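**Q** Input run34.cif, format and content: mmCIF, C-alpha atoms.
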data_input
#
loop_
_atom_site.label_atom_id
_atom_site.label_comp_id
_atom_site.auth_asym_id
_atom_site.auth_seq_id
_atom_site.Cartn_x
_atom_site.Cartn_y
_atom_site.Cartn_z
CA MET A 1 34.04 -73.32 24.44
CA ASN A 2 37.62 -74.60 24.04
CA ILE A 3 38.71 -72.27 26.84
CA ILE A 4 36.03 -73.77 29.14
CA LYS A 5 37.17 -77.29 28.26
CA GLY A 6 40.76 -76.31 28.99
CA LEU A 7 39.80 -74.84 32.37
CA THR A 8 37.88 -78.01 33.24
CA LEU A 9 40.93 -80.17 32.49
CA VAL A 10 43.15 -77.85 34.56
CA LEU A 11 40.73 -78.20 37.49
CA ALA A 12 40.89 -82.00 37.10
CA LEU A 13 44.71 -81.91 37.23
CA LEU A 14 44.55 -79.68 40.31
CA GLY A 15 42.50 -82.33 42.13
CA ALA A 16 38.90 -81.19 41.66
CA PRO A 17 36.37 -83.91 42.63
CA LEU A 18 35.92 -86.37 39.78
CA PHE A 19 32.12 -86.13 39.80
CA LEU A 20 32.35 -82.38 39.14
CA VAL A 21 34.80 -82.83 36.27
CA ILE A 22 32.70 -85.56 34.61
CA SER A 23 29.50 -83.52 35.01
CA ALA A 24 31.16 -80.37 33.67
CA LEU A 25 32.44 -82.18 30.57
CA ALA A 26 28.95 -83.63 29.97
CA LEU A 27 27.34 -80.18 30.26
CA ILE A 28 29.93 -78.67 27.91
CA GLY A 29 29.19 -81.48 25.43
CA PHE A 30 25.46 -80.74 25.60
CA LEU A 31 26.02 -77.03 25.05
CA SER A 32 28.28 -77.63 22.05
CA ALA A 33 25.64 -80.00 20.59
CA GLU A 34 22.94 -77.35 21.27
CA ILE A 35 21.07 -79.64 23.67
CA ASP A 36 19.16 -78.08 26.57
CA ILE A 37 21.15 -78.88 29.73
CA SER A 38 17.90 -79.40 31.62
CA VAL A 39 18.13 -83.02 30.39
CA VAL A 40 20.54 -83.64 33.28
CA ILE A 41 17.97 -82.42 35.83
CA ILE A 42 15.31 -84.53 34.13
CA GLU A 43 17.52 -87.62 34.39
CA MET A 44 18.32 -86.91 38.06
CA THR A 45 14.58 -86.57 38.77
CA ARG A 46 13.90 -89.85 36.98
CA LEU A 47 16.71 -91.58 38.91
CA ALA A 48 15.44 -90.20 42.22
CA GLU A 49 12.11 -91.88 41.53
CA THR A 50 13.77 -95.26 40.85
CA PRO A 51 12.89 -97.61 43.74
CA LEU A 52 16.24 -99.42 43.47
CA LEU A 53 18.18 -96.19 44.00
CA ILE A 54 16.76 -95.81 47.51
CA SER A 55 18.93 -98.70 48.70
CA LEU A 56 22.17 -96.95 47.68
CA PRO A 57 22.27 -94.03 50.21
CA LEU A 58 20.98 -96.29 52.99
CA PHE A 59 23.67 -98.95 52.45
CA ILE A 60 26.31 -96.19 52.15
CA PHE A 61 25.18 -94.80 55.52
CA ALA A 62 25.26 -98.27 57.14
CA GLY A 63 28.75 -98.94 55.75
CA THR A 64 30.09 -95.56 56.87
CA LEU A 65 28.68 -96.13 60.35
CA LEU A 66 30.34 -99.56 60.57
CA SER A 67 33.68 -98.11 59.45
CA GLU A 68 33.52 -95.50 62.24
CA SER A 69 32.81 -98.13 64.91
CA ARG A 70 34.90 -100.93 66.45
CA ALA A 71 33.15 -103.53 64.30
CA PRO A 72 36.39 -104.44 62.39
CA GLU A 73 38.13 -105.36 65.67
CA ARG A 74 35.22 -107.53 66.84
CA ILE A 75 34.97 -109.33 63.49
CA LEU A 76 38.75 -109.89 63.53
CA GLN A 77 38.68 -111.46 67.00
CA LEU A 78 35.76 -113.70 66.04
CA SER A 79 37.49 -114.84 62.84
CA ARG A 80 40.67 -115.64 64.75
CA PHE A 81 38.73 -118.03 66.98
CA PHE A 82 37.38 -120.01 64.02
CA LEU A 83 40.32 -119.86 61.57
CA GLY A 84 43.41 -118.91 63.61
CA TRP A 85 44.46 -122.54 64.10
CA LEU A 86 45.15 -123.02 60.36
CA PRO A 87 48.68 -122.69 58.92
CA GLY A 88 48.59 -119.12 57.69
CA GLY A 89 45.55 -118.66 59.90
CA LEU A 90 45.92 -114.92 60.48
CA ALA A 91 46.39 -114.32 56.75
CA VAL A 92 43.21 -116.31 56.03
CA VAL A 93 41.41 -114.33 58.74
CA SER A 94 42.65 -111.07 57.19
CA LEU A 95 41.26 -112.02 53.78
CA GLY A 96 37.89 -112.99 55.23
CA VAL A 97 37.56 -109.89 57.40
CA CYS A 98 38.54 -107.57 54.53
CA ALA A 99 36.00 -109.24 52.22
CA VAL A 100 33.18 -108.89 54.77
CA PHE A 101 34.08 -105.29 55.56
CA THR A 102 34.38 -104.22 51.91
CA ALA A 103 31.04 -105.88 51.10
CA PHE A 104 29.37 -103.52 53.60
CA THR A 105 31.38 -100.36 53.00
CA GLY A 106 31.77 -100.79 49.24
CA ALA A 107 34.89 -98.64 49.24
CA SER A 108 38.36 -100.12 48.96
CA GLY A 109 40.13 -97.20 50.62
CA VAL A 110 37.93 -97.48 53.71
CA THR A 111 38.99 -101.12 54.19
CA ILE A 112 42.71 -100.35 53.90
CA PHE A 113 42.50 -97.44 56.33
CA ALA A 114 40.12 -99.13 58.80
CA LEU A 115 41.78 -102.56 58.90
CA GLY A 116 45.33 -101.97 57.67
CA GLY A 117 46.47 -100.43 60.95
CA LEU A 118 45.15 -103.49 62.82
CA LEU A 119 46.28 -106.24 60.44
CA LEU A 120 49.79 -105.21 59.36
CA PRO A 121 51.36 -105.15 62.87
CA ALA A 122 49.56 -108.41 63.74
CA LEU A 123 50.83 -110.17 60.58
CA LEU A 124 54.41 -108.99 61.13
CA LYS A 125 54.28 -110.00 64.80
CA ASP A 126 53.15 -113.52 63.88
CA GLY A 127 56.13 -114.03 61.58
CA TYR A 128 54.79 -113.23 58.12
CA SER A 129 57.25 -111.49 55.80
CA ASP A 130 56.92 -107.77 55.24
CA ARG A 131 56.39 -108.19 51.49
CA PHE A 132 53.68 -110.85 51.91
CA SER A 133 51.87 -108.80 54.55
CA MET A 134 51.89 -105.63 52.46
CA GLY A 135 50.74 -107.50 49.34
CA LEU A 136 47.95 -109.24 51.25
CA ILE A 137 46.48 -106.05 52.73
CA THR A 138 46.82 -104.03 49.52
CA SER A 139 45.12 -106.67 47.34
CA SER A 140 42.53 -107.48 50.02
CA GLY A 141 41.37 -103.87 50.16
CA SER A 142 38.96 -104.47 47.28
CA LEU A 143 37.90 -108.04 48.12
CA GLY A 144 34.22 -108.39 48.84
CA LEU A 145 32.85 -106.19 46.05
CA LEU A 146 31.12 -109.28 44.63
CA PHE A 147 29.34 -110.07 47.90
CA PRO A 148 25.98 -108.53 48.95
CA PRO A 149 25.19 -105.81 49.86
CA SER A 150 28.05 -104.39 47.79
CA LEU A 151 27.32 -100.82 46.64
CA PRO A 152 28.87 -101.31 43.16
CA ILE A 153 26.51 -104.27 42.58
CA ILE A 154 23.53 -102.04 43.39
CA LEU A 155 24.87 -99.27 41.16
CA TYR A 156 25.38 -101.68 38.25
CA GLY A 157 21.81 -102.90 38.75
CA VAL A 158 20.46 -99.34 38.62
CA ILE A 159 22.44 -98.43 35.48
CA SER A 160 21.75 -101.67 33.59
CA GLU A 161 18.17 -102.00 34.89
CA THR A 162 18.99 -105.52 36.09
CA ARG A 163 17.43 -107.16 39.14
CA ILE A 164 19.65 -106.47 42.15
CA ASP A 165 18.57 -109.60 44.02
CA HIS A 166 19.77 -111.67 41.03
CA LEU A 167 23.06 -109.75 40.95
CA PHE A 168 23.54 -110.41 44.68
CA LEU A 169 23.18 -114.15 44.01
CA ALA A 170 25.38 -114.02 40.90
CA GLY A 171 28.36 -112.58 42.77
CA ILE A 172 28.48 -115.13 45.60
CA LEU A 173 30.16 -118.12 43.90
CA PRO A 174 32.67 -116.04 41.86
CA GLY A 175 33.55 -114.16 45.07
CA VAL A 176 34.01 -117.43 46.96
CA VAL A 177 36.28 -118.84 44.22
CA MET A 178 38.45 -115.71 44.40
CA LEU A 179 38.58 -115.86 48.19
CA VAL A 180 39.40 -119.59 48.30
CA LEU A 181 42.31 -119.25 45.83
CA LEU A 182 43.84 -116.42 47.87
CA MET A 183 43.28 -118.34 51.11
CA LEU A 184 45.00 -121.47 49.75
CA TYR A 185 47.99 -119.36 48.73
CA SER A 186 48.05 -117.77 52.20
CA VAL A 187 47.94 -121.19 53.90
CA ARG A 188 50.89 -122.30 51.73
CA GLN A 189 52.88 -119.16 52.50
CA GLY A 190 52.03 -119.40 56.21
CA GLY A 191 53.39 -122.95 56.31
CA ARG A 192 56.56 -121.94 54.48
CA SER A 193 57.29 -118.97 56.71
CA ARG A 194 56.35 -120.96 59.83
CA ALA A 195 54.12 -118.14 60.90
CA LYS A 196 52.70 -118.41 64.39
CA ARG A 197 49.26 -120.05 64.61
CA GLN A 198 46.57 -118.36 66.64
CA HIS A 199 45.36 -120.63 69.42
CA VAL A 200 42.41 -118.86 70.97
CA SER A 201 41.08 -120.44 74.16
CA PHE A 202 37.46 -121.55 74.38
CA GLN A 203 36.74 -118.79 76.89
CA ASP A 204 38.21 -116.16 74.54
CA GLY A 205 36.17 -117.61 71.69
CA VAL A 206 32.96 -117.39 73.70
CA ARG A 207 33.86 -113.81 74.63
CA ALA A 208 34.47 -112.97 70.93
CA LEU A 209 31.08 -114.48 70.05
CA LYS A 210 29.38 -112.42 72.73
CA ASP A 211 31.20 -109.25 71.64
CA ALA A 212 30.13 -109.66 68.00
CA ALA A 213 26.71 -111.13 68.76
CA TRP A 214 24.84 -108.09 67.44
CA GLU A 215 26.86 -107.89 64.19
CA ILE A 216 26.74 -111.58 63.24
CA PRO A 217 23.06 -111.43 62.11
CA LEU A 218 23.68 -108.66 59.53
CA PRO A 219 24.21 -110.95 56.47
CA VAL A 220 21.23 -113.07 57.58
CA ILE A 221 19.01 -109.98 57.81
CA ILE A 222 19.96 -108.85 54.30
CA LEU A 223 20.04 -112.15 52.41
CA GLY A 224 17.38 -113.93 54.46
CA GLY A 225 15.07 -110.94 54.21
CA ILE A 226 15.41 -110.55 50.44
CA TYR A 227 15.37 -114.23 49.42
CA GLY A 228 12.89 -115.18 52.11
CA GLY A 229 10.46 -112.77 50.46
CA PHE A 230 10.14 -110.51 53.51
CA PHE A 231 11.34 -107.35 51.76
CA VAL A 232 12.90 -106.01 48.55
CA ALA A 233 16.38 -104.45 48.22
CA GLY A 234 15.25 -100.94 49.25
CA GLU A 235 13.47 -102.24 52.33
CA ALA A 236 16.47 -104.43 53.18
CA ALA A 237 18.68 -101.31 53.05
CA ALA A 238 16.32 -99.42 55.38
CA VAL A 239 16.20 -102.31 57.88
CA THR A 240 19.99 -102.72 57.72
CA SER A 241 20.62 -98.99 58.31
CA LEU A 242 18.25 -98.88 61.27
CA TYR A 243 19.75 -102.06 62.74
CA VAL A 244 23.34 -100.80 62.38
CA LEU A 245 22.36 -97.43 63.85
CA ILE A 246 20.77 -99.03 66.94
CA VAL A 247 23.63 -101.52 67.43
CA GLU A 248 26.61 -99.17 66.96
CA VAL A 249 25.15 -96.07 68.64
CA PHE A 250 22.88 -97.36 71.39
CA ILE A 251 24.07 -100.92 72.18
CA TYR A 252 27.85 -100.90 71.65
CA ARG A 253 28.06 -97.09 71.94
CA ASP A 254 31.10 -97.02 69.62
CA VAL A 255 29.71 -93.98 67.83
CA GLU A 256 28.64 -90.99 69.88
CA LEU A 257 25.24 -89.51 69.11
CA LYS A 258 26.81 -86.11 68.39
CA LYS A 259 28.96 -87.69 65.63
CA LEU A 260 25.92 -88.91 63.69
CA PRO A 261 25.37 -85.66 61.72
CA GLU A 262 29.02 -85.76 60.58
CA ILE A 263 28.70 -89.40 59.47
CA MET A 264 25.44 -88.64 57.66
CA VAL A 265 27.07 -85.73 55.83
CA LYS A 266 30.07 -87.89 54.84
CA SER A 267 27.90 -90.71 53.49
CA MET A 268 25.47 -88.40 51.68
CA MET A 269 28.34 -86.49 50.06
CA LEU A 270 29.46 -89.79 48.51
CA PHE A 271 25.92 -90.54 47.36
CA GLY A 272 25.48 -86.98 46.07
CA GLY A 273 28.60 -87.34 43.92
CA ILE A 274 27.31 -90.64 42.53
CA LEU A 275 23.88 -89.12 41.78
CA VAL A 276 25.40 -86.13 39.96
CA ILE A 277 27.60 -88.43 37.82
CA LEU A 278 24.61 -90.70 37.19
CA GLY A 279 22.44 -87.81 36.02
CA ALA A 280 25.07 -86.41 33.65
CA SER A 281 26.10 -89.85 32.41
CA MET A 282 22.58 -91.15 31.80
CA ALA A 283 21.68 -87.98 29.92
CA SER A 284 24.84 -88.40 27.80
CA THR A 285 23.97 -92.07 27.25
CA ASN A 286 20.48 -91.22 26.01
CA TYR A 287 22.00 -88.76 23.56
CA LEU A 288 24.51 -91.36 22.34
CA ILE A 289 21.74 -93.93 21.91
CA ASP A 290 19.66 -91.42 19.93
CA GLN A 291 22.68 -90.92 17.70
CA GLU A 292 23.07 -94.74 17.44
CA VAL A 293 26.67 -94.54 18.70
CA PRO A 294 26.63 -97.95 20.49
CA VAL A 295 25.22 -99.61 17.34
CA ARG A 296 27.97 -98.09 15.21
CA ILE A 297 30.65 -99.12 17.72
CA PHE A 298 29.25 -102.66 17.75
CA GLU A 299 29.27 -102.83 13.95
CA PHE A 300 32.86 -101.54 13.87
CA ILE A 301 34.04 -104.06 16.47
CA ARG A 302 32.11 -106.87 14.75
CA THR A 303 34.07 -106.16 11.57
CA TYR A 304 37.28 -107.23 13.29
CA ILE A 305 36.05 -109.50 16.11
CA ASP A 306 33.43 -112.15 15.43
CA SER A 307 34.13 -114.36 18.46
CA LYS A 308 32.36 -113.75 21.76
CA TYR A 309 35.38 -115.11 23.65
CA THR A 310 37.85 -112.80 21.92
CA PHE A 311 35.54 -109.89 22.69
CA LEU A 312 35.46 -110.88 26.38
CA LEU A 313 39.27 -111.10 26.47
CA LEU A 314 39.65 -107.59 25.02
CA LEU A 315 36.90 -106.34 27.33
CA ASN A 316 38.87 -107.64 30.33
CA VAL A 317 42.02 -105.80 29.22
CA PHE A 318 40.05 -102.59 28.68
CA LEU A 319 38.25 -102.82 32.05
CA LEU A 320 41.49 -103.52 33.93
CA ILE A 321 42.94 -100.29 32.53
CA VAL A 322 39.74 -98.39 33.40
CA GLY A 323 39.71 -99.91 36.91
CA ALA A 324 43.28 -98.80 37.53
CA MET A 325 42.57 -95.22 36.45
CA LEU A 326 39.06 -94.49 37.80
CA ASP A 327 37.24 -95.19 41.04
CA ILE A 328 34.70 -97.99 40.67
CA PHE A 329 31.60 -95.77 40.87
CA SER A 330 32.74 -93.43 38.10
CA ALA A 331 33.91 -96.36 35.96
CA LEU A 332 30.54 -98.12 36.23
CA VAL A 333 28.54 -95.00 35.43
CA LEU A 334 30.68 -94.04 32.43
CA ILE A 335 31.40 -97.43 30.84
CA VAL A 336 28.39 -99.71 31.52
CA PRO A 337 25.88 -97.81 29.32
CA LEU A 338 28.25 -97.99 26.33
CA ILE A 339 29.46 -101.58 26.76
CA LEU A 340 26.14 -103.19 27.74
CA PRO A 341 24.45 -103.04 24.29
CA ILE A 342 27.68 -104.15 22.58
CA ALA A 343 28.06 -107.13 24.94
CA GLU A 344 24.42 -108.10 24.42
CA GLY A 345 25.14 -108.09 20.68
CA TYR A 346 27.72 -110.81 21.35
CA GLY A 347 25.22 -112.77 23.44
CA VAL A 348 26.71 -111.94 26.85
CA ASP A 349 24.11 -112.12 29.64
CA PRO A 350 23.79 -108.72 31.46
CA ILE A 351 24.10 -110.37 34.88
CA HIS A 352 27.24 -112.29 33.87
CA LEU A 353 28.58 -109.07 32.33
CA GLY A 354 28.01 -107.29 35.66
CA ILE A 355 30.13 -109.83 37.53
CA ILE A 356 32.87 -109.55 34.88
CA PHE A 357 32.73 -105.74 35.21
CA LEU A 358 33.02 -105.77 39.00
CA THR A 359 35.79 -108.40 39.03
CA ASN A 360 37.87 -106.37 36.58
CA LEU A 361 37.35 -103.08 38.39
CA GLN A 362 38.14 -104.77 41.72
CA ILE A 363 41.44 -106.11 40.33
CA GLY A 364 42.17 -102.77 38.69
CA TYR A 365 42.34 -101.19 42.15
CA CYS A 366 45.65 -102.97 42.79
CA THR A 367 47.03 -103.17 39.23
CA PRO A 368 50.32 -101.28 38.63
CA PRO A 369 51.24 -98.63 37.82
CA VAL A 370 48.28 -96.48 38.94
CA GLY A 371 45.90 -98.77 40.87
CA LEU A 372 44.18 -96.79 43.63
CA ASN A 373 44.90 -99.37 46.36
CA LEU A 374 48.64 -99.11 45.69
CA PHE A 375 48.64 -95.37 46.39
CA LEU A 376 46.35 -95.66 49.40
CA ALA A 377 48.52 -98.39 50.95
CA SER A 378 51.67 -96.42 50.14
CA TYR A 379 50.21 -93.39 51.94
CA LYS A 380 48.84 -95.38 54.88
CA PHE A 381 52.00 -97.42 55.58
CA GLU A 382 54.55 -94.85 54.32
CA ARG A 383 56.14 -97.30 51.88
CA PRO A 384 57.53 -96.63 48.37
CA ILE A 385 54.99 -97.40 45.66
CA VAL A 386 57.50 -99.62 43.82
CA GLU A 387 57.74 -101.84 46.90
CA LEU A 388 53.98 -102.36 46.75
CA TYR A 389 54.17 -103.23 43.05
CA ARG A 390 56.42 -106.19 43.90
CA ALA A 391 54.40 -107.18 46.96
CA THR A 392 51.09 -107.47 45.12
CA LEU A 393 52.32 -109.46 42.08
CA PRO A 394 51.62 -112.99 43.46
CA PHE A 395 48.13 -111.94 44.56
CA LEU A 396 47.48 -110.27 41.19
CA GLY A 397 48.43 -113.51 39.43
CA LEU A 398 45.77 -115.40 41.42
CA LEU A 399 43.20 -112.66 40.80
CA PHE A 400 43.85 -112.85 37.05
CA ILE A 401 43.31 -116.62 37.15
CA THR A 402 40.00 -116.04 38.94
CA LEU A 403 39.03 -113.43 36.35
CA MET A 404 39.54 -115.94 33.53
CA ILE A 405 37.47 -118.55 35.38
CA ILE A 406 34.64 -116.07 36.01
CA THR A 407 34.72 -114.77 32.42
CA TYR A 408 34.69 -118.10 30.61
CA ILE A 409 32.54 -120.14 33.01
CA PRO A 410 29.25 -118.17 33.17
CA TRP A 411 27.71 -121.08 35.09
CA LEU A 412 29.35 -119.70 38.25
CA SER A 413 27.34 -116.48 37.91
CA ASN A 414 24.06 -118.08 36.91
CA VAL A 415 23.66 -121.31 38.90
CA LEU A 416 22.41 -119.76 42.15
CA ILE A 417 19.88 -117.64 40.24
CA LYS A 418 18.51 -120.80 38.61
CA LEU A 419 18.37 -122.61 41.96
CA ILE A 420 17.05 -119.80 44.16
CA GLY A 421 16.13 -116.74 42.09
#
Now, as a test, write the supplied structure out as structure tokens.

**A**
Amino acid sequence: MNIIKGLTLVLALLGAPLFLVISALALIGFLSAEIDISVVIIEMTRLAETPLLISLPLFIFAGTLLSESRAPERILQLSRFFLGWLPGGLAVVSLGVCAVFTAFTGASGVTIFALGGLLLPALLKDGYSDRFSMGLITSSGSLGLLFPPSLPIILYGVISETRIDHLFLAGILPGVVMLVLLMLYSVRQGGRSRAKRQHVSFQDGVRALKDAAWEIPLPVIILGGIYGGFFVAGEAAAVTSLYVLIVEVFIYRDVELKKLPEIMVKSMMLFGGILVILGASMASTNYLIDQEVPVRIFEFIRTYIDSKYTFLLLLNVFLLIVGAMLDIFSALVLIVPLILPIAEGYGVDPIHLGIIFLTNLQIGYCTPPVGLNLFLASYKFERPIVELYRATLPFLGLLFITLMIITYIPWLSNVLIKLIG
């Protein structure tokens, strides 16, 4: 058994897919505990029958399709028309476009690779410093994970058995606070560097509106459909996928029909990895619950920490480390089942906890020394990783401030649910 464990770790170091490594370790754990490994298949079957899980592959497909199209360019041109006149206008536009794009794709790396090549030359051309531009794009790569229809929000809802429509509402105000703080900093830096303002003519603005006319209704379809009572999250995902397919393939014709099978395979591979991790993780979680491991952890922590606020502070530190080391899907699947009962013991609302989780993991993407965004941006722009450490520091400072606000003012996460939900 030790030899098998050693081989699994070697495969992980050699770059084997993370979902395979996690699943293998779970199966080895079951075998050593003399538990029938069919529990994983049972959990996967149970998950496949969960109505909420249907929305995940459909939103993944819609996001992958958008990333393969020219949607980022159209959204960028439209944003320039409305916000380009501001001091630091292009930087503000970049933040907004990255947030919107990440909300639909749910993957930070996709945003950096899809938009980085467009935004970096434009920012440098308009007079922004190299360091500011690199820091902006690297830290913006994970913006938008709090906005619907973010895939991590859906995944957290599935794992924690929390209403996804409530989670969608809960993330809006915290996401806006984060975005506004970064935008204010960008406006200040744009004024200092005397960056060129984007003056788009009325005719160009009308043209940008026409070009993006079919993509503008997407948020309305999702949010209006769910909160208007027309359909639930799974149905919203199906409608969104069909709409994106028709728009990008048959109206704009950005994606050729023959490329669809490749895009479907790419998106379903991502979902397949998530499903495998979910099955192994949920089976492991059930075993840990049977053994009362979360209860014992809670009692141990309670011995040393009796304050809810101290617990939240330590939770933030822990999640930032996890977010820097793991991709967000793996982190959610592995950590949420263990932390959720402990947090509830301290009186933390599961929906508020979900927003804290996602905010931490989002920031962890660009936290030195091993944040995923730092390595992706280093690879994309062929820059030393140390240079990106320095570039992202001001943005990280603002993100940490936002994290504290979100953590200790739960009203931000709950007010829209009380008003609308």

**Q** Can you turn the PyMOL selection byres ((chain A and resi 172) around 8) into a concrete residue list for this file, as a list in words?

**A** Leu146, Phe147, Pro148, Phe168, Leu169, Ala170, Gly171, Leu173, Pro174, Gly175, Val176 and Ser413 of chain A

**Q** Restricted to C-alpha atoms, what would the selected residues look like written as a tab-separated table (two decimals), in the coordinates of the input?

**A**
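Resulting contents of again00.tsv:
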chain	number	residue	atom	x	y	z
A	146	LEU	CA	31.12	-109.28	44.63
A	147	PHE	CA	29.34	-110.07	47.90
A	148	PRO	CA	25.98	-108.53	48.95
A	168	PHE	CA	23.54	-110.41	44.68
A	169	LEU	CA	23.18	-114.15	44.01
A	170	ALA	CA	25.38	-114.02	40.90
A	171	GLY	CA	28.36	-112.58	42.77
A	173	LEU	CA	30.16	-118.12	43.90
A	174	PRO	CA	32.67	-116.04	41.86
A	175	GLY	CA	33.55	-114.16	45.07
A	176	VAL	CA	34.01	-117.43	46.96
A	413	SER	CA	27.34	-116.48	37.91

**Q** Which one of A:Lys258, A:Ala238, A:Ile112, A:Gly88 sits closest to Gln189 in chain A if you count all atoms listed in the file?

**A**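 The answer is A:Gly88, which sits nearest to Gln189 in chain A.
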
**Q** Apply the PyMOL selection byres ((chain A and resi 131) around 10) to the structure shown and report the selected residues as a tab-separated table (two decimals) with C-alpha atoms, in the frame of the given file.

**A**
chain	number	residue	atom	x	y	z
A	124	LEU	CA	54.41	-108.99	61.13
A	128	TYR	CA	54.79	-113.23	58.12
A	129	SER	CA	57.25	-111.49	55.80
A	130	ASP	CA	56.92	-107.77	55.24
A	132	PHE	CA	53.68	-110.85	51.91
A	133	SER	CA	51.87	-108.80	54.55
A	134	MET	CA	51.89	-105.63	52.46
A	135	GLY	CA	50.74	-107.50	49.34
A	136	LEU	CA	47.95	-109.24	51.25
A	387	GLU	CA	57.74	-101.84	46.90
A	388	LEU	CA	53.98	-102.36	46.75
A	390	ARG	CA	56.42	-106.19	43.90
A	391	ALA	CA	54.40	-107.18	46.96
A	392	THR	CA	51.09	-107.47	45.12

**Q** Would you list the contacts of range 406-411 of chain A as a list in words, taking every protein, DNA or RNA residue within 9 Å and counting only C-alpha atoms, but skipping same-chain residues closer than 6 positions in sequence?

**A**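 Selected residues are Pro174, Val177, Tyr309, Leu312, Leu313, Asn316, Asp349, His352, Leu353, Ile355, Ile356 and Thr359 of chain A.
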
**Q** Leaving out range 298-304 of chain A and any residue of its chain fewer than 2 positions from it, which residues lie within 10 Å of it when counting all atoms listed in the file, given as a list of chain:residue names?

**A**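 Final neighbour list, sorted by chain and number: A:Val293, A:Pro294, A:Val295, A:Arg296, A:Asp306, A:Ser307, A:Lys308, A:Phe311, A:Leu338, A:Ile339, A:Pro341, A:Ile342, A:Ala343, A:Glu344, A:Gly345, A:Tyr346.
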
**Q** So which one's closest to Leu396 in chain A, A:Thr105, A:Gln362, A:Gln203, A:Ser38? Using all atoms listed in the file, please.

**A**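 Among the listed residues, the smallest separation from Leu396 in chain A belongs to A:Gln362.
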
**Q** Evaluate the PyMOL selection byres ((chain A and resi 61-64) around 9) on the structure here and hand back the selected residues as an MDAnalysis selection string.

**A** chainID A and resid 56:60 65:69 101:107 110 237 240:245 263:264 266:268

**Q** Would you write out, as a Markdown table, a table of all residues in range 355-421 of chain A that have an atom no more than 12 Å from an atom of range 218-230 of chain A, listing for each the closest atom pair and the distance in Å to one decimal, considering only C-alpha atoms and ordering rows by chain and rising residue number?

**A**
| residue | atom | partner | partner_atom | distance |
| --- | --- | --- | --- | --- |
| A:Leu416 | CA | A:Tyr227 | CA | 11.5 |
| A:Ile417 | CA | A:Tyr227 | CA | 10.8 |
| A:Leu419 | CA | A:Tyr227 | CA | 11.6 |
| A:Ile420 | CA | A:Tyr227 | CA | 7.8 |
| A:Gly421 | CA | A:Tyr227 | CA | 7.8 |

**Q** Do a neighbour search on Leu376 in chain A at 10 Å with all atoms listed in the file, toss out local chain neighbours closer than 4 positions, and write the hits as a PyMOL selection string.

**A** chain A and resi 108-110+112-113+138+141+365-366+371-372+380-382+385

**Q** I need the residue nearest Ile321 in chain A from this list: A:Val370, A:Ile401, A:Ala114, A:Ala377. Use only C-alpha atoms for the distance.

**A**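 Between A:Val370, A:Ile401, A:Ala114, A:Ala377, the residue approaching Ile321 in chain A most closely is A:Val370.
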
**Q** Which of these, A:Gly89, A:Gly144, A:Pro394, A:Pro152, has the shortest distance to Ala122 in chain A once you count all atoms listed in the file?

**A**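 Going through A:Gly89, A:Gly144, A:Pro394, A:Pro152 one by one, the smallest distance to Ala122 in chain A is for A:Gly89.
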
**Q** Could you check which of A:Asn360, A:Met325, A:Ser378, A:Ile351 is closest to Val415 in chain A, using only C-alpha atoms?

**A**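 Nearest to Val415 in chain A: A:Ile351.
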
**Q** Considering only C-alpha atoms, state which residue in the set A:Ala233, A:Leu398, A:Leu270, A:Ile246 is at the smallest distance from Val158 in chain A.

**A**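 Closest candidate: A:Ala233.
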
**Q** Hey, can you check how far CA of Gly96 in chain A sits from CA of Leu315 in chain A?

**A**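 Straight-line distance from CA of Gly96 in chain A to CA of Leu315 in chain A works out to 28.7 Å.
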
**Q** Report the distance between CA of Gly127 in chain A and CA of Arg188 in chain A in Å, rounded to one decimal place.

**A**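 Computed distance, CA of Gly127 in chain A to CA of Arg188 in chain A, equals 13.9 Å.
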
**Q** One decimal, Å: what's the distance from CA of Met183 in chain A over to CA of Val92 in chain A, could you say?

**A**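 Atom-to-atom, CA of Met183 in chain A to CA of Val92 in chain A, that is 5.3 Å.
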